[in-house]
$ cat upload.cif   # mmCIF, C-alpha atoms
data_my_file
loop_
_atom_site.label_atom_id
_atom_site.label_comp_id
_atom_site.auth_asym_id
_atom_site.auth_seq_id
_atom_site.Cartn_x
_atom_site.Cartn_y
_atom_site.Cartn_z
CA MET A 1 73.78 124.40 118.17
CA GLU A 2 70.64 124.87 120.18
CA GLY A 3 71.63 128.43 121.09
CA GLU A 4 70.13 131.28 119.11
CA HIS A 5 67.47 132.80 121.33
CA GLU A 6 67.08 131.23 124.67
CA GLU A 7 65.49 133.99 126.67
CA GLY A 8 63.28 131.53 128.44
CA LYS A 9 66.22 129.39 129.38
CA THR A 10 69.26 130.10 131.51
CA PRO A 11 67.09 130.23 134.66
CA ALA A 12 70.09 129.35 136.79
CA ALA A 13 71.58 132.77 136.44
CA PRO A 14 71.03 134.20 139.90
CA GLN A 15 71.84 137.81 139.28
CA ALA A 16 71.47 140.21 136.50
CA GLY A 17 74.61 140.93 134.60
CA VAL A 18 75.03 137.35 133.48
CA ALA A 19 76.24 137.27 129.94
CA PRO A 20 73.84 135.98 127.35
CA ALA A 21 74.58 132.32 126.85
CA VAL A 22 75.66 132.83 123.29
CA LEU A 23 77.56 135.97 122.56
CA PRO A 24 77.77 137.48 119.11
CA ASP A 25 81.48 136.85 119.00
CA GLY A 26 81.16 133.13 119.38
CA ASP A 27 79.49 130.31 121.22
CA PRO A 28 81.41 129.86 124.48
CA LEU A 29 80.49 126.17 124.63
CA ILE A 30 82.92 124.17 122.52
CA GLU A 31 81.86 120.90 120.91
CA THR A 32 84.69 118.39 121.22
CA ASP A 33 85.21 114.77 120.15
CA ASP A 34 87.72 111.93 120.33
CA LEU A 35 90.03 113.74 117.93
CA THR A 36 89.96 117.26 119.40
CA TRP A 37 89.73 116.18 123.06
CA GLU A 38 93.46 116.17 123.79
CA ASN A 39 94.04 119.73 122.68
CA ALA A 40 90.76 121.07 124.05
CA VAL A 41 90.96 119.45 127.47
CA GLU A 42 94.17 117.66 128.37
CA LYS A 43 96.47 120.38 127.05
CA SER A 44 94.41 123.34 128.16
CA LYS A 45 96.16 125.91 130.33
CA LYS A 46 92.86 127.04 131.82
CA PRO A 47 90.55 124.87 133.91
CA VAL A 48 88.07 122.97 131.74
CA ALA A 49 84.46 122.05 132.50
CA VAL A 50 83.22 119.12 130.44
CA MET A 51 79.67 117.90 129.92
CA PHE A 52 79.47 114.34 128.62
CA TYR A 53 76.07 114.04 126.97
CA SER A 54 74.04 112.14 124.46
CA PRO A 55 71.45 113.70 122.15
CA THR A 56 68.80 111.25 123.34
CA CYS A 57 69.25 111.84 127.07
CA VAL A 58 66.45 113.96 128.53
CA PHE A 59 68.43 114.88 131.63
CA CYS A 60 71.11 116.29 129.34
CA HIS A 61 68.56 118.51 127.66
CA GLN A 62 67.44 119.68 131.09
CA MET A 63 70.97 120.65 132.10
CA GLU A 64 72.29 122.04 128.84
CA PRO A 65 70.83 125.57 129.12
CA TYR A 66 72.41 126.00 132.54
CA PHE A 67 75.76 124.67 131.38
CA ARG A 68 75.67 126.93 128.37
CA SER A 69 74.77 129.90 130.52
CA TYR A 70 77.73 129.26 132.84
CA ALA A 71 79.94 128.93 129.78
CA GLY A 72 79.06 132.52 128.99
CA GLU A 73 79.41 133.72 132.53
CA TYR A 74 82.82 132.12 133.15
CA ARG A 75 84.21 132.47 129.66
CA ASP A 76 87.26 134.42 130.82
CA SER A 77 88.41 131.90 133.41
CA VAL A 78 87.09 128.45 132.43
CA ILE A 79 86.88 126.57 129.13
CA PHE A 80 83.51 124.86 128.65
CA VAL A 81 83.32 121.88 126.33
CA ARG A 82 80.83 119.12 125.70
CA LEU A 83 81.34 115.69 124.24
CA ASN A 84 78.72 113.47 122.61
CA ILE A 85 79.30 110.00 124.05
CA LEU A 86 77.54 108.34 121.13
CA THR A 87 80.03 109.60 118.58
CA SER A 88 83.06 109.87 120.89
CA GLN A 89 82.77 106.74 122.90
CA TRP A 90 86.50 106.17 123.21
CA THR A 91 87.05 109.27 125.33
CA ALA A 92 83.95 108.65 127.43
CA GLU A 93 85.02 105.10 128.23
CA ARG A 94 88.59 106.14 128.92
CA TYR A 95 87.33 108.51 131.61
CA GLY A 96 84.96 106.00 133.17
CA VAL A 97 81.80 107.84 132.21
CA LYS A 98 78.87 105.50 132.92
CA SER A 99 75.87 107.81 132.71
CA THR A 100 74.86 111.09 131.14
CA PRO A 101 75.06 113.89 131.86
CA THR A 102 78.45 113.64 133.58
CA PHE A 103 80.12 116.92 134.47
CA LYS A 104 83.87 116.64 134.87
CA PHE A 105 86.34 119.37 135.73
CA PHE A 106 89.97 119.39 134.70
CA CYS A 107 92.95 121.34 136.01
CA ASN A 108 96.29 121.01 134.28
CA GLY A 109 94.73 118.33 132.11
CA LYS A 110 93.75 116.12 135.02
CA PRO A 111 90.26 115.46 136.38
CA VAL A 112 89.77 117.09 139.79
CA GLN A 113 86.03 116.87 140.31
CA GLU A 114 82.96 115.19 138.90
CA MET A 115 79.18 115.23 139.31
CA VAL A 116 76.65 113.07 137.55
CA GLY A 117 73.03 113.58 136.60
CA ALA A 118 70.48 116.35 136.39
CA ILE A 119 71.73 118.09 139.50
CA TYR A 120 70.60 121.38 140.92
CA PRO A 121 72.11 124.11 138.75
CA ALA A 122 73.21 125.93 141.89
CA ILE A 123 75.29 122.90 142.88
CA LEU A 124 76.90 122.80 139.46
CA LYS A 125 77.73 126.47 139.75
CA LYS A 126 79.16 126.03 143.23
CA MET A 127 81.34 123.25 141.87
CA ILE A 128 82.73 125.54 139.19
CA ASP A 129 83.48 128.17 141.83
CA GLU A 130 85.17 125.59 144.05
CA VAL A 131 87.31 124.32 141.21
CA LEU A 132 88.37 127.87 140.49
CA ILE A 133 89.33 128.38 144.13
CA HIS A 134 90.79 124.98 145.02
CA GLY A 135 91.34 123.31 141.70
CA LYS A 136 94.92 124.23 140.99
CA GLU A 137 95.84 123.39 144.52
CA CYS A 138 94.08 120.04 144.18
CA ALA A 139 95.91 119.20 141.01
CA LYS A 140 99.14 119.82 142.89
CA ASN A 141 98.16 117.79 145.94
CA SER A 142 97.81 114.55 144.08
CA THR A 143 100.14 112.04 142.50
CA LEU A 144 99.86 111.43 138.78
CA ILE A 145 99.57 107.75 137.90
CA ASP A 146 101.93 106.53 135.22
CA TYR A 147 100.19 103.43 133.96
CA ASP A 148 103.13 102.58 131.72
CA ILE A 149 105.42 102.34 134.70
CA THR A 150 103.10 100.61 137.12
CA GLY A 151 102.35 97.77 134.75
CA TYR A 152 100.02 95.05 135.77
CA GLY A 153 100.45 93.85 139.32
CA MET B 154 70.85 92.29 150.88
CA GLU B 155 73.34 93.05 153.57
CA GLY B 156 71.02 91.63 156.20
CA GLU B 157 71.91 89.69 159.31
CA HIS B 158 73.79 91.69 161.85
CA GLU B 159 76.09 94.19 160.39
CA GLU B 160 78.30 95.53 163.08
CA GLY B 161 80.54 96.51 160.24
CA LYS B 162 80.78 93.06 158.76
CA THR B 163 81.07 92.67 154.99
CA PRO B 164 78.15 94.94 154.35
CA ALA B 165 79.06 95.30 150.72
CA ALA B 166 78.97 91.62 149.94
CA PRO B 167 75.57 90.72 148.60
CA GLN B 168 76.29 87.02 148.73
CA ALA B 169 78.70 84.79 150.50
CA GLY B 170 81.78 83.90 148.57
CA VAL B 171 83.35 87.30 148.75
CA ALA B 172 86.55 87.44 150.72
CA PRO B 173 86.03 88.80 154.20
CA ALA B 174 86.93 92.39 153.71
CA VAL B 175 86.70 93.44 157.31
CA LEU B 176 89.18 92.91 160.09
CA PRO B 177 88.18 91.05 163.26
CA ASP B 178 88.01 94.25 165.23
CA GLY B 179 85.54 95.58 162.70
CA ASP B 180 87.62 97.95 160.60
CA PRO B 181 84.94 99.77 158.65
CA LEU B 182 87.31 100.50 155.74
CA ILE B 183 87.23 97.62 153.28
CA GLU B 184 90.24 96.81 151.12
CA THR B 185 89.07 95.89 147.64
CA ASP B 186 90.78 94.88 144.39
CA ASP B 187 90.08 94.02 140.76
CA LEU B 188 88.46 90.74 141.81
CA THR B 189 86.28 91.90 144.69
CA TRP B 190 85.37 95.29 143.18
CA GLU B 191 82.18 94.24 141.45
CA ASN B 192 80.56 92.81 144.56
CA ALA B 193 81.90 95.45 146.91
CA VAL B 194 81.01 98.49 144.80
CA GLU B 195 78.97 97.90 141.66
CA LYS B 196 76.49 95.55 143.32
CA SER B 197 76.25 97.34 146.63
CA LYS B 198 72.76 98.34 147.74
CA LYS B 199 74.18 101.10 149.90
CA PRO B 200 76.09 104.14 148.64
CA VAL B 201 79.82 103.44 148.41
CA ALA B 202 82.73 105.82 149.00
CA VAL B 203 85.92 104.70 147.29
CA MET B 204 89.46 105.93 147.83
CA PHE B 205 91.82 105.03 144.98
CA TYR B 206 95.31 105.16 146.47
CA SER B 207 98.84 103.97 146.09
CA PRO B 208 101.12 103.03 148.98
CA THR B 209 103.80 105.42 147.74
CA CYS B 210 101.58 108.49 147.43
CA VAL B 211 102.15 110.97 150.27
CA PHE B 212 98.86 112.75 149.69
CA CYS B 213 97.09 109.43 150.19
CA HIS B 214 98.79 108.99 153.54
CA GLN B 215 97.65 112.48 154.48
CA MET B 216 94.03 111.72 153.65
CA GLU B 217 93.76 108.15 154.86
CA PRO B 218 93.15 108.87 158.58
CA TYR B 219 90.24 111.15 157.70
CA PHE B 220 88.76 108.69 155.25
CA ARG B 221 89.07 105.92 157.83
CA SER B 222 87.50 108.10 160.48
CA TYR B 223 84.50 108.88 158.25
CA ALA B 224 84.21 105.17 157.50
CA GLY B 225 83.58 104.66 161.21
CA GLU B 226 81.26 107.60 161.51
CA TYR B 227 79.08 106.66 158.51
CA ARG B 228 79.33 102.90 158.85
CA ASP B 229 75.57 102.44 159.05
CA SER B 230 74.74 104.31 155.88
CA VAL B 231 77.77 104.25 153.55
CA ILE B 232 80.20 101.51 152.55
CA PHE B 233 83.82 102.70 152.57
CA VAL B 234 86.34 100.88 150.42
CA ARG B 235 89.81 101.60 149.15
CA LEU B 236 91.62 100.23 146.14
CA ASN B 237 95.38 100.10 145.58
CA ILE B 238 95.91 101.28 142.02
CA LEU B 239 99.30 99.58 141.80
CA THR B 240 97.87 96.12 142.29
CA SER B 241 94.40 96.76 140.83
CA GLN B 242 95.21 98.81 137.82
CA TRP B 243 92.43 97.42 135.67
CA THR B 244 89.66 98.88 137.82
CA ALA B 245 91.47 102.20 138.23
CA GLU B 246 91.92 102.59 134.48
CA ARG B 247 88.37 101.51 133.76
CA TYR B 248 87.11 104.36 135.94
CA GLY B 249 89.44 106.95 134.45
CA VAL B 250 91.46 107.47 137.61
CA LYS B 251 94.49 109.55 136.66
CA SER B 252 95.87 110.65 140.04
CA THR B 253 95.82 109.57 143.66
CA PRO B 254 94.06 109.98 145.92
CA THR B 255 90.83 109.95 143.95
CA PHE B 256 87.62 109.82 145.97
CA LYS B 257 84.67 108.46 144.05
CA PHE B 258 81.11 107.97 145.26
CA PHE B 259 78.73 105.37 143.90
CA CYS B 260 74.94 105.07 144.12
CA ASN B 261 73.25 102.01 142.70
CA GLY B 262 76.63 100.92 141.38
CA LYS B 263 77.17 104.06 139.33
CA PRO B 264 79.59 106.90 140.01
CA VAL B 265 77.78 110.07 141.07
CA GLN B 266 80.55 112.28 142.39
CA GLU B 267 84.33 112.53 142.47
CA MET B 268 87.05 114.61 144.05
CA VAL B 269 90.77 114.34 143.51
CA GLY B 270 93.75 115.12 145.69
CA ALA B 271 94.56 115.97 149.28
CA ILE B 272 91.46 118.06 149.75
CA TYR B 273 90.23 119.65 152.94
CA PRO B 274 88.73 116.88 155.06
CA ALA B 275 85.70 119.08 155.68
CA ILE B 276 85.06 119.18 151.93
CA LEU B 277 85.29 115.41 151.72
CA LYS B 278 82.84 115.09 154.58
CA LYS B 279 80.45 117.55 152.98
CA MET B 280 80.61 115.50 149.81
CA ILE B 281 79.60 112.37 151.71
CA ASP B 282 76.69 114.23 153.24
CA GLU B 283 75.62 115.55 149.84
CA VAL B 284 75.74 112.11 148.29
CA LEU B 285 73.59 110.81 151.12
CA ILE B 286 71.07 113.56 150.53
CA HIS B 287 71.11 113.86 146.74
CA GLY B 288 72.88 110.74 145.60
CA LYS B 289 69.99 108.41 144.98
CA GLU B 290 68.11 111.15 143.24
CA CYS B 291 71.17 111.85 141.09
CA ALA B 292 71.51 108.24 140.10
CA LYS B 293 67.90 108.36 138.95
CA ASN B 294 68.28 111.62 137.05
CA SER B 295 70.85 110.30 134.64
CA THR B 296 70.86 107.95 131.68
CA LEU B 297 72.96 104.83 131.91
CA ILE B 298 75.24 104.35 128.92
CA ASP B 299 75.10 100.97 127.28
CA TYR B 300 78.43 100.79 125.50
CA ASP B 301 77.52 97.49 123.89
CA ILE B 302 74.56 99.07 122.16
CA THR B 303 76.12 102.37 121.21
CA GLY B 304 79.06 100.75 119.49
CA TYR B 305 81.69 102.87 117.90
CA GLY B 306 80.34 105.87 116.06
#
$ encode --input "upload.cif" --output "structure tokens"
Amino acid sequence: MEGEHEEGKTPAAPQAGVAPAVLPDGDPLIETDDLTWENAVEKSKKPVAVMFYSPTCVFCHQMEPYFRSYAGEYRDSVIFVRLNILTSQWTAERYGVKSTPTFKFFCNGKPVQEMVGAIYPAILKKMIDEVLIHGKECAKNSTLIDYDITGYG
Amino acid sequence: MEGEHEEGKTPAAPQAGVAPAVLPDGDPLIETDDLTWENAVEKSKKPVAVMFYSPTCVFCHQMEPYFRSYAGEYRDSVIFVRLNILTSQWTAERYGVKSTPTFKFFCNGKPVQEMVGAIYPAILKKMIDEVLIHGKECAKNSTLIDYDITGYG
């Protein structure tokens, strides 16, 4: 991973006391793919923040240090994963991801919020906070679609 | 372009030939489906707010009056459409919609933000404002995925 020593990065961290992006006991940002996605995201008991990225996307490189920093900061309450859309296209297409980076938040395995692009890190952070506050409620206040039952109109 | 005189008339339709989506009294909330989706949303020059709903979903009924009200309030700057996921399943699946209501915002035909569930109307409104402020910028600060080129890894 890019990790190692990123003292110059993680500028989004507003206060001191933010955990170093990569802790000795393990990178908090999990790399996932088409095969591991279901267990890492859809079956997770904790809320999950996903970054859909591609290695060639400059905006992804801009956002990655912030995302990684938040992964450290929120490691006790939120799972942070990223997915390379070039090698895991099936999952990206299945979730309607059209551009990178796409940040998508899941509660109880269902998407509850999404933001696209090189956004202000503060907005991304606010979104994580909002999902933590409202997310579970949101997931309850919606009706799951059963595509098998609905069938084609 | 939308041109002419748009007192709420088919602002999303770039060309003629698209079914009149607006009621005679000028309902600003456009009903779309798998067939009209591309013109109404993906080819729209203006930002588009979409509500994916189903007629049987109570949370959708809760949110609909607010969404409709915002459609009136923002009619000059944002196109508001809704899509019934029971009769237009193809579009809903293609955009990874898993629950209703799902609110999705598009700039330059690409999704830039999403929220799911019976959320606080004030949060929905704030999201519309944010898309108006940051949306175009967001759409620029992301890399469009060309699934034809990437192919399967």
$ resolve_selection --input "upload.cif" --expression "the PyMOL selection byres ((chain B) within 7 of (chain A))" --output "number ranges by chain"
B: 210, 212, 239-242, 247-249, 251-254, 263, 265-272, 291-292, 294-298, 303, 305-306
$ atom_distance --input "upload.cif" --atom1 "CA of Gly72 (chain A)" --atom2 "CA of Cys107 (chain A)"
19.2 Å
$ atom_distance --input "upload.cif" --atom1 "CA of Arg221 (chain B)" --atom2 "CA of Pro200 (chain B)"
16.0 Å
$ atom_distance --input "upload.cif" --atom1 "CA of Ala71 (chain A)" --atom2 "CA of Glu38 (chain A)"
19.5 Å
$ closest_residue --input "upload.cif" --among "B:Ile286, B:Ile276, B:Arg228, B:Leu182" --to "Val203 (chain B)" --atoms "all atoms listed in the file"
B:Leu182
$ resolve_selection --input "upload.cif" --expression "the PyMOL selection byres ((chain B and resi 199) around 7)" --output "list in words"
Ser197, Lys198, Pro200, Val201, Ser230, Val231 and Ile232 of chain B
$ write_last_selection --input "upload.cif" --atoms "C-alpha atoms" --output "PDB file, in the frame of the given file"
ATOM      1  CA  SER B 197      76.250  97.340 146.630  1.00  0.00           C
ATOM      2  CA  LYS B 198      72.760  98.340 147.740  1.00  0.00           C
ATOM      3  CA  PRO B 200      76.090 104.140 148.640  1.00  0.00           C
ATOM      4  CA  VAL B 201      79.820 103.440 148.410  1.00  0.00           C
ATOM      5  CA  SER B 230      74.740 104.310 155.880  1.00  0.00           C
ATOM      6  CA  VAL B 231      77.770 104.250 153.550  1.00  0.00           C
ATOM      7  CA  ILE B 232      80.200 101.510 152.550  1.00  0.00           C
TER       8      ILE B 232
END
